[in-house]
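This report concerns only the one structure given below.
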Amino acid sequence: MSTSTTASVSTHILDTSVGRPAEGVAVHLSARAGRGADWQALGGSATDADGRCKDLPDLPEGATHVRLDFAVEAYFEKKQADAQQDAPANRDSGAVFFPEVAITFAVNPGEHYHVPLLLNPFGYSVYRGS
């Protein structure tokens, strides 16, 4: 939850290749206080059945930049393995084009930032949600 001196962040992932939330994706949160500052790892979470991370850590006071790291490779590998159980002759190359997605954005104290990730095996889109 944001306060007048901190910002807050939430996210969710929609797998646009199947039109469903992406469950079980590890998400890590980092922050820094200015362009020249070092990144501080704050912790992480994993997406639930609705594709949401409801328990990301709070941002520290003074954070001006935030980075969300989405570990999508394991999600796509599991999804591909599950889909191929019934159709082993249709296997793809097995390669994941984007093994991870890192989104960096600026924040202002007192504001909440919801950052949805629209994901498919060969691309992604991200935006500031509400």
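Chain lettering (A, B, ...) mirrors the order of the structure tokens, residue numbering begins at 1 for each chain separately, and ligand numbering begins at 1 in order of display.
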**OP:** Name the residues of region 12-130 of chain A that fall into alpha helix (DSSP H) according to DSSP on the backbone, using the chain letters and numbers of this document, as a PyMOL selection string.
**Re:** chain A and resi 73-84
File dump, residues just selected, all heavy atoms, as a tab-separated table (two decimals), in the first residue's frame:
chain	number	residue	atom	x	y	z
A	73	GLU	N	10.18	-18.45	-18.58
A	73	GLU	CA	10.66	-19.68	-19.23
A	73	GLU	C	10.04	-20.93	-18.62
A	73	GLU	O	9.53	-21.80	-19.33
A	73	GLU	CB	12.17	-19.76	-19.18
A	73	GLU	CG	12.74	-20.95	-19.94
A	73	GLU	CD	14.25	-20.88	-20.05
A	73	GLU	OE1	14.91	-20.45	-19.09
A	73	GLU	OE2	14.76	-21.27	-21.11
A	74	ALA	N	10.07	-21.05	-17.31
A	74	ALA	CA	9.51	-22.23	-16.64
A	74	ALA	C	8.02	-22.36	-16.91
A	74	ALA	O	7.50	-23.47	-17.09
A	74	ALA	CB	9.79	-22.17	-15.14
A	75	TYR	N	7.31	-21.24	-16.96
A	75	TYR	CA	5.87	-21.26	-17.26
A	75	TYR	C	5.63	-21.86	-18.64
A	75	TYR	O	4.79	-22.75	-18.81
A	75	TYR	CB	5.29	-19.85	-17.16
A	75	TYR	CG	3.90	-19.73	-17.77
A	75	TYR	CD1	2.78	-20.20	-17.09
A	75	TYR	CD2	3.74	-19.18	-19.03
A	75	TYR	CE1	1.52	-20.11	-17.66
A	75	TYR	CE2	2.47	-19.09	-19.61
A	75	TYR	CZ	1.37	-19.55	-18.92
A	75	TYR	OH	0.13	-19.47	-19.48
A	76	PHE	N	6.36	-21.37	-19.66
A	76	PHE	CA	6.14	-21.87	-21.01
A	76	PHE	C	6.60	-23.32	-21.17
A	76	PHE	O	5.98	-24.09	-21.90
A	76	PHE	CB	6.82	-20.97	-22.05
A	76	PHE	CG	6.02	-19.74	-22.35
A	76	PHE	CD1	6.57	-18.48	-22.16
A	76	PHE	CD2	4.73	-19.83	-22.84
A	76	PHE	CE1	5.83	-17.34	-22.44
A	76	PHE	CE2	3.98	-18.70	-23.12
A	76	PHE	CZ	4.54	-17.44	-22.92
A	77	GLU	N	7.68	-23.69	-20.49
A	77	GLU	CA	8.13	-25.09	-20.56
A	77	GLU	C	7.08	-26.02	-19.97
A	77	GLU	O	6.79	-27.07	-20.53
A	77	GLU	CB	9.46	-25.26	-19.85
A	77	GLU	CG	10.62	-24.66	-20.64
A	77	GLU	CD	11.93	-24.69	-19.90
A	77	GLU	OE1	11.94	-24.89	-18.66
A	77	GLU	OE2	12.97	-24.52	-20.56
A	78	LYS	N	6.50	-25.64	-18.83
A	78	LYS	CA	5.46	-26.47	-18.21
A	78	LYS	C	4.22	-26.52	-19.10
A	78	LYS	O	3.64	-27.58	-19.32
A	78	LYS	CB	5.08	-25.94	-16.83
A	78	LYS	CG	3.99	-26.77	-16.15
A	78	LYS	CD	3.66	-26.24	-14.79
A	78	LYS	CE	2.63	-27.04	-14.05
A	78	LYS	NZ	1.67	-27.81	-14.79
A	79	LYS	N	3.84	-25.36	-19.63
A	79	LYS	CA	2.66	-25.31	-20.50
A	79	LYS	C	2.86	-26.19	-21.73
A	79	LYS	O	1.97	-26.94	-22.13
A	79	LYS	CB	2.42	-23.85	-20.91
A	79	LYS	CG	1.18	-23.63	-21.74
A	79	LYS	CD	1.02	-22.16	-22.03
A	79	LYS	CE	0.52	-22.02	-23.43
A	79	LYS	NZ	0.43	-20.70	-23.91
A	80	GLN	N	4.06	-26.13	-22.31
A	80	GLN	CA	4.35	-26.94	-23.49
A	80	GLN	C	4.36	-28.43	-23.14
A	80	GLN	O	3.80	-29.24	-23.87
A	80	GLN	CB	5.69	-26.53	-24.09
A	80	GLN	CG	6.01	-27.27	-25.37
A	80	GLN	CD	7.31	-26.82	-25.96
A	80	GLN	OE1	8.21	-26.41	-25.24
A	80	GLN	NE2	7.43	-26.92	-27.26
A	81	ALA	N	4.94	-28.79	-22.02
A	81	ALA	CA	4.98	-30.20	-21.60
A	81	ALA	C	3.56	-30.72	-21.37
A	81	ALA	O	3.23	-31.83	-21.77
A	81	ALA	CB	5.83	-30.34	-20.34
A	82	ASP	N	2.71	-29.93	-20.72
A	82	ASP	CA	1.33	-30.34	-20.47
A	82	ASP	C	0.57	-30.52	-21.79
A	82	ASP	O	-0.18	-31.48	-21.96
A	82	ASP	CB	0.59	-29.31	-19.60
A	82	ASP	CG	1.09	-29.27	-18.17
A	82	ASP	OD1	1.84	-30.20	-17.76
A	82	ASP	OD2	0.76	-28.31	-17.46
A	83	ALA	N	0.78	-29.62	-22.73
A	83	ALA	CA	0.07	-29.69	-24.01
A	83	ALA	C	0.55	-30.86	-24.86
A	83	ALA	O	-0.22	-31.44	-25.62
A	83	ALA	CB	0.25	-28.38	-24.78
A	84	GLN	N	1.81	-31.23	-24.71
A	84	GLN	CA	2.37	-32.28	-25.55
A	84	GLN	C	2.14	-33.68	-25.02
A	84	GLN	O	2.42	-34.66	-25.71
A	84	GLN	CB	3.86	-32.04	-25.76
A	84	GLN	CG	4.17	-30.75	-26.51
A	84	GLN	CD	3.45	-30.66	-27.84
A	84	GLN	OE1	3.28	-31.64	-28.53
A	84	GLN	NE2	3.01	-29.47	-28.18
**OP:** For Val107 (chain A), list every protein, DNA or RNA residue within 7 Å, evaluated using only C-alpha atoms, and leave out those in the same chain fewer than 3 positions away; present the list as a count of residues only.
**Re:** 3
Original post:
Looking at only C-alpha atoms, which of A:Asp48, A:Ser10, A:Leu56, A:Val66 is the one that sits closest to Ala33 (chain A)?
Top reply: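 With only C-alpha atoms as the atom set, the closest residue is A:Val66.
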Got a sec: who's within 8 Å of Ala31 (chain A), counting only C-alpha atoms, leaving out chain neighbours fewer than 5 positions off, as a short mmCIF file (atom, residue, chain, number, x, y, z; two decimals) with C-alpha atoms, in the first residue's frame?
data_model
loop_
_atom_site.label_atom_id
_atom_site.label_comp_id
_atom_site.auth_asym_id
_atom_site.auth_seq_id
_atom_site.Cartn_x
_atom_site.Cartn_y
_atom_site.Cartn_z
CA TRP A 39 19.27 -1.92 -7.41
CA GLN A 40 17.96 -3.28 -4.12
CA ALA A 41 16.28 -6.69 -4.34
CA LEU A 42 13.06 -6.50 -2.32
CA LEU A 59 8.72 -0.23 -1.83
CA PRO A 60 11.22 1.54 0.39
CA ALA A 63 12.41 4.63 -4.42
CA THR A 64 12.29 6.37 -7.82
CA HIS A 65 12.76 3.40 -10.15
CA VAL A 66 11.27 -0.08 -9.94
CA ARG A 67 12.06 -3.26 -11.83
#
Subject >> Among listed residues A:Ala26, A:Val96, A:Ala46, A:Val115, nearest Val9 (chain A) (using only C-alpha atoms) >> reply: A:Val115
Select from region 13-58 of chain A every residue with an atom at most 12 Å from any atom of region 97-101 of chain A, then for each give the shortest pair of atoms and their distance in Å to one decimal, using only C-alpha atoms, rows by chain and rising number, as a tab-separated table.
residue	atom	partner	partner_atom	distance
A:Ile13	CA	A:Val101	CA	11.4
A:Val25	CA	A:Glu100	CA	10.2
A:Ala26	CA	A:Glu100	CA	9.9
A:Val27	CA	A:Val101	CA	9.6
A:His28	CA	A:Val101	CA	10.7
Writing out the chosen residues with N, CA and C atoms as a PDB file, in the first residue's frame:
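The resulting selection26.pdb:
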ATOM      1  N   ILE A  13      -0.483 -11.187 -15.049  1.00  0.00           N
ATOM      2  CA  ILE A  13      -0.045 -11.656 -16.357  1.00  0.00           C
ATOM      3  C   ILE A  13      -1.202 -12.366 -17.047  1.00  0.00           C
ATOM      4  N   VAL A  25       3.998 -18.013 -12.398  1.00  0.00           N
ATOM      5  CA  VAL A  25       5.174 -17.293 -12.896  1.00  0.00           C
ATOM      6  C   VAL A  25       5.838 -16.570 -11.720  1.00  0.00           C
ATOM      7  N   ALA A  26       7.123 -16.826 -11.523  1.00  0.00           N
ATOM      8  CA  ALA A  26       7.876 -16.133 -10.474  1.00  0.00           C
ATOM      9  C   ALA A  26       8.100 -14.680 -10.889  1.00  0.00           C
ATOM     10  N   VAL A  27       7.876 -13.771  -9.944  1.00  0.00           N
ATOM     11  CA  VAL A  27       8.055 -12.342 -10.181  1.00  0.00           C
ATOM     12  C   VAL A  27       8.927 -11.789  -9.060  1.00  0.00           C
ATOM     13  N   HIS A  28       9.997 -11.079  -9.439  1.00  0.00           N
ATOM     14  CA  HIS A  28      10.893 -10.479  -8.450  1.00  0.00           C
ATOM     15  C   HIS A  28      10.836  -8.965  -8.580  1.00  0.00           C
TER      16      HIS A  28
END
Subject >> Test item: residues at most 9 Å from Thr16 (chain A), only C-alpha atoms, excluding those fewer than 2 positions along its chain, as number ranges by chain >> reply: A: 14, 18-21, 118-120, 124
Could you save the residues just selected, with C-alpha atoms, as a PDB file, in the first residue's frame?
ATOM      1  CA  LEU A  14      -2.409 -12.668 -19.136  1.00  0.00           C
ATOM      2  CA  VAL A  18      -4.689 -18.957 -24.721  1.00  0.00           C
ATOM      3  CA  GLY A  19      -6.666 -15.986 -23.380  1.00  0.00           C
ATOM      4  CA  ARG A  20      -6.108 -17.018 -19.758  1.00  0.00           C
ATOM      5  CA  PRO A  21      -4.138 -15.825 -16.742  1.00  0.00           C
ATOM      6  CA  LEU A 118       0.350  -9.453 -21.798  1.00  0.00           C
ATOM      7  CA  LEU A 119       2.401 -12.482 -22.761  1.00  0.00           C
ATOM      8  CA  ASN A 120       2.649 -15.023 -25.562  1.00  0.00           C
ATOM      9  CA  TYR A 124       4.876  -9.375 -24.857  1.00  0.00           C
TER      10      TYR A 124
END
Subject >> Expected answer as a ChimeraX atom specification: strand (DSSP E) residues in chain A >> reply: /A:8-15,20-21,26-32,40-46,52-53,65-71,101-106,112-120,123-126
Written selection (C-alpha atoms) as an mmCIF file, in the first residue's frame:
data_model
loop_
_atom_site.group_PDB
_atom_site.id
_atom_site.type_symbol
_atom_site.label_atom_id
_atom_site.label_comp_id
_atom_site.auth_asym_id
_atom_site.auth_seq_id
_atom_site.Cartn_x
_atom_site.Cartn_y
_atom_site.Cartn_z
ATOM 1 C CA SER A 8 3.202 0.682 -4.318
ATOM 2 C CA VAL A 9 3.261 -1.878 -7.128
ATOM 3 C CA SER A 10 0.996 -4.686 -8.297
ATOM 4 C CA THR A 11 0.983 -6.802 -11.441
ATOM 5 C CA HIS A 12 -0.790 -9.557 -13.278
ATOM 6 C CA ILE A 13 -0.045 -11.656 -16.357
ATOM 7 C CA LEU A 14 -2.409 -12.668 -19.136
ATOM 8 C CA ASP A 15 -1.220 -15.373 -21.545
ATOM 9 C CA ARG A 20 -6.108 -17.018 -19.758
ATOM 10 C CA PRO A 21 -4.138 -15.825 -16.742
ATOM 11 C CA ALA A 26 7.876 -16.133 -10.474
ATOM 12 C CA VAL A 27 8.055 -12.342 -10.181
ATOM 13 C CA HIS A 28 10.893 -10.479 -8.450
ATOM 14 C CA LEU A 29 10.765 -6.841 -7.380
ATOM 15 C CA SER A 30 13.735 -4.477 -7.131
ATOM 16 C CA ALA A 31 13.968 -0.732 -6.540
ATOM 17 C CA ARG A 32 16.539 2.034 -6.535
ATOM 18 C CA GLN A 40 17.962 -3.285 -4.119
ATOM 19 C CA ALA A 41 16.278 -6.686 -4.339
ATOM 20 C CA LEU A 42 13.064 -6.500 -2.325
ATOM 21 C CA GLY A 43 11.703 -10.009 -2.763
ATOM 22 C CA GLY A 44 9.185 -11.695 -4.919
ATOM 23 C CA SER A 45 6.088 -13.727 -5.382
ATOM 24 C CA ALA A 46 4.433 -15.971 -7.962
ATOM 25 C CA ARG A 52 -1.963 -11.884 -10.041
ATOM 26 C CA CYS A 53 0.810 -11.272 -7.522
ATOM 27 C CA HIS A 65 12.757 3.400 -10.150
ATOM 28 C CA VAL A 66 11.274 -0.076 -9.944
ATOM 29 C CA ARG A 67 12.064 -3.261 -11.831
ATOM 30 C CA LEU A 68 9.786 -6.278 -12.163
ATOM 31 C CA ASP A 69 11.514 -9.445 -13.369
ATOM 32 C CA PHE A 70 9.160 -12.117 -14.710
ATOM 33 C CA ALA A 71 10.661 -15.635 -15.023
ATOM 34 C CA VAL A 101 10.923 -10.238 -19.098
ATOM 35 C CA ALA A 102 12.320 -7.277 -17.168
ATOM 36 C CA ILE A 103 10.209 -4.134 -16.910
ATOM 37 C CA THR A 104 11.730 -0.977 -15.436
ATOM 38 C CA PHE A 105 9.638 2.107 -14.693
ATOM 39 C CA ALA A 106 9.741 5.346 -12.713
ATOM 40 C CA HIS A 112 0.054 3.060 -6.955
ATOM 41 C CA TYR A 113 1.402 1.390 -10.088
ATOM 42 C CA HIS A 114 -0.369 -1.610 -11.580
ATOM 43 C CA VAL A 115 1.743 -3.103 -14.368
ATOM 44 C CA PRO A 116 -0.028 -5.811 -16.413
ATOM 45 C CA LEU A 117 2.032 -8.078 -18.667
ATOM 46 C CA LEU A 118 0.350 -9.453 -21.798
ATOM 47 C CA LEU A 119 2.401 -12.482 -22.761
ATOM 48 C CA ASN A 120 2.649 -15.023 -25.562
ATOM 49 C CA GLY A 123 6.185 -11.449 -27.688
ATOM 50 C CA TYR A 124 4.876 -9.375 -24.857
ATOM 51 C CA SER A 125 3.314 -6.019 -24.102
ATOM 52 C CA VAL A 126 3.161 -4.065 -20.902
#
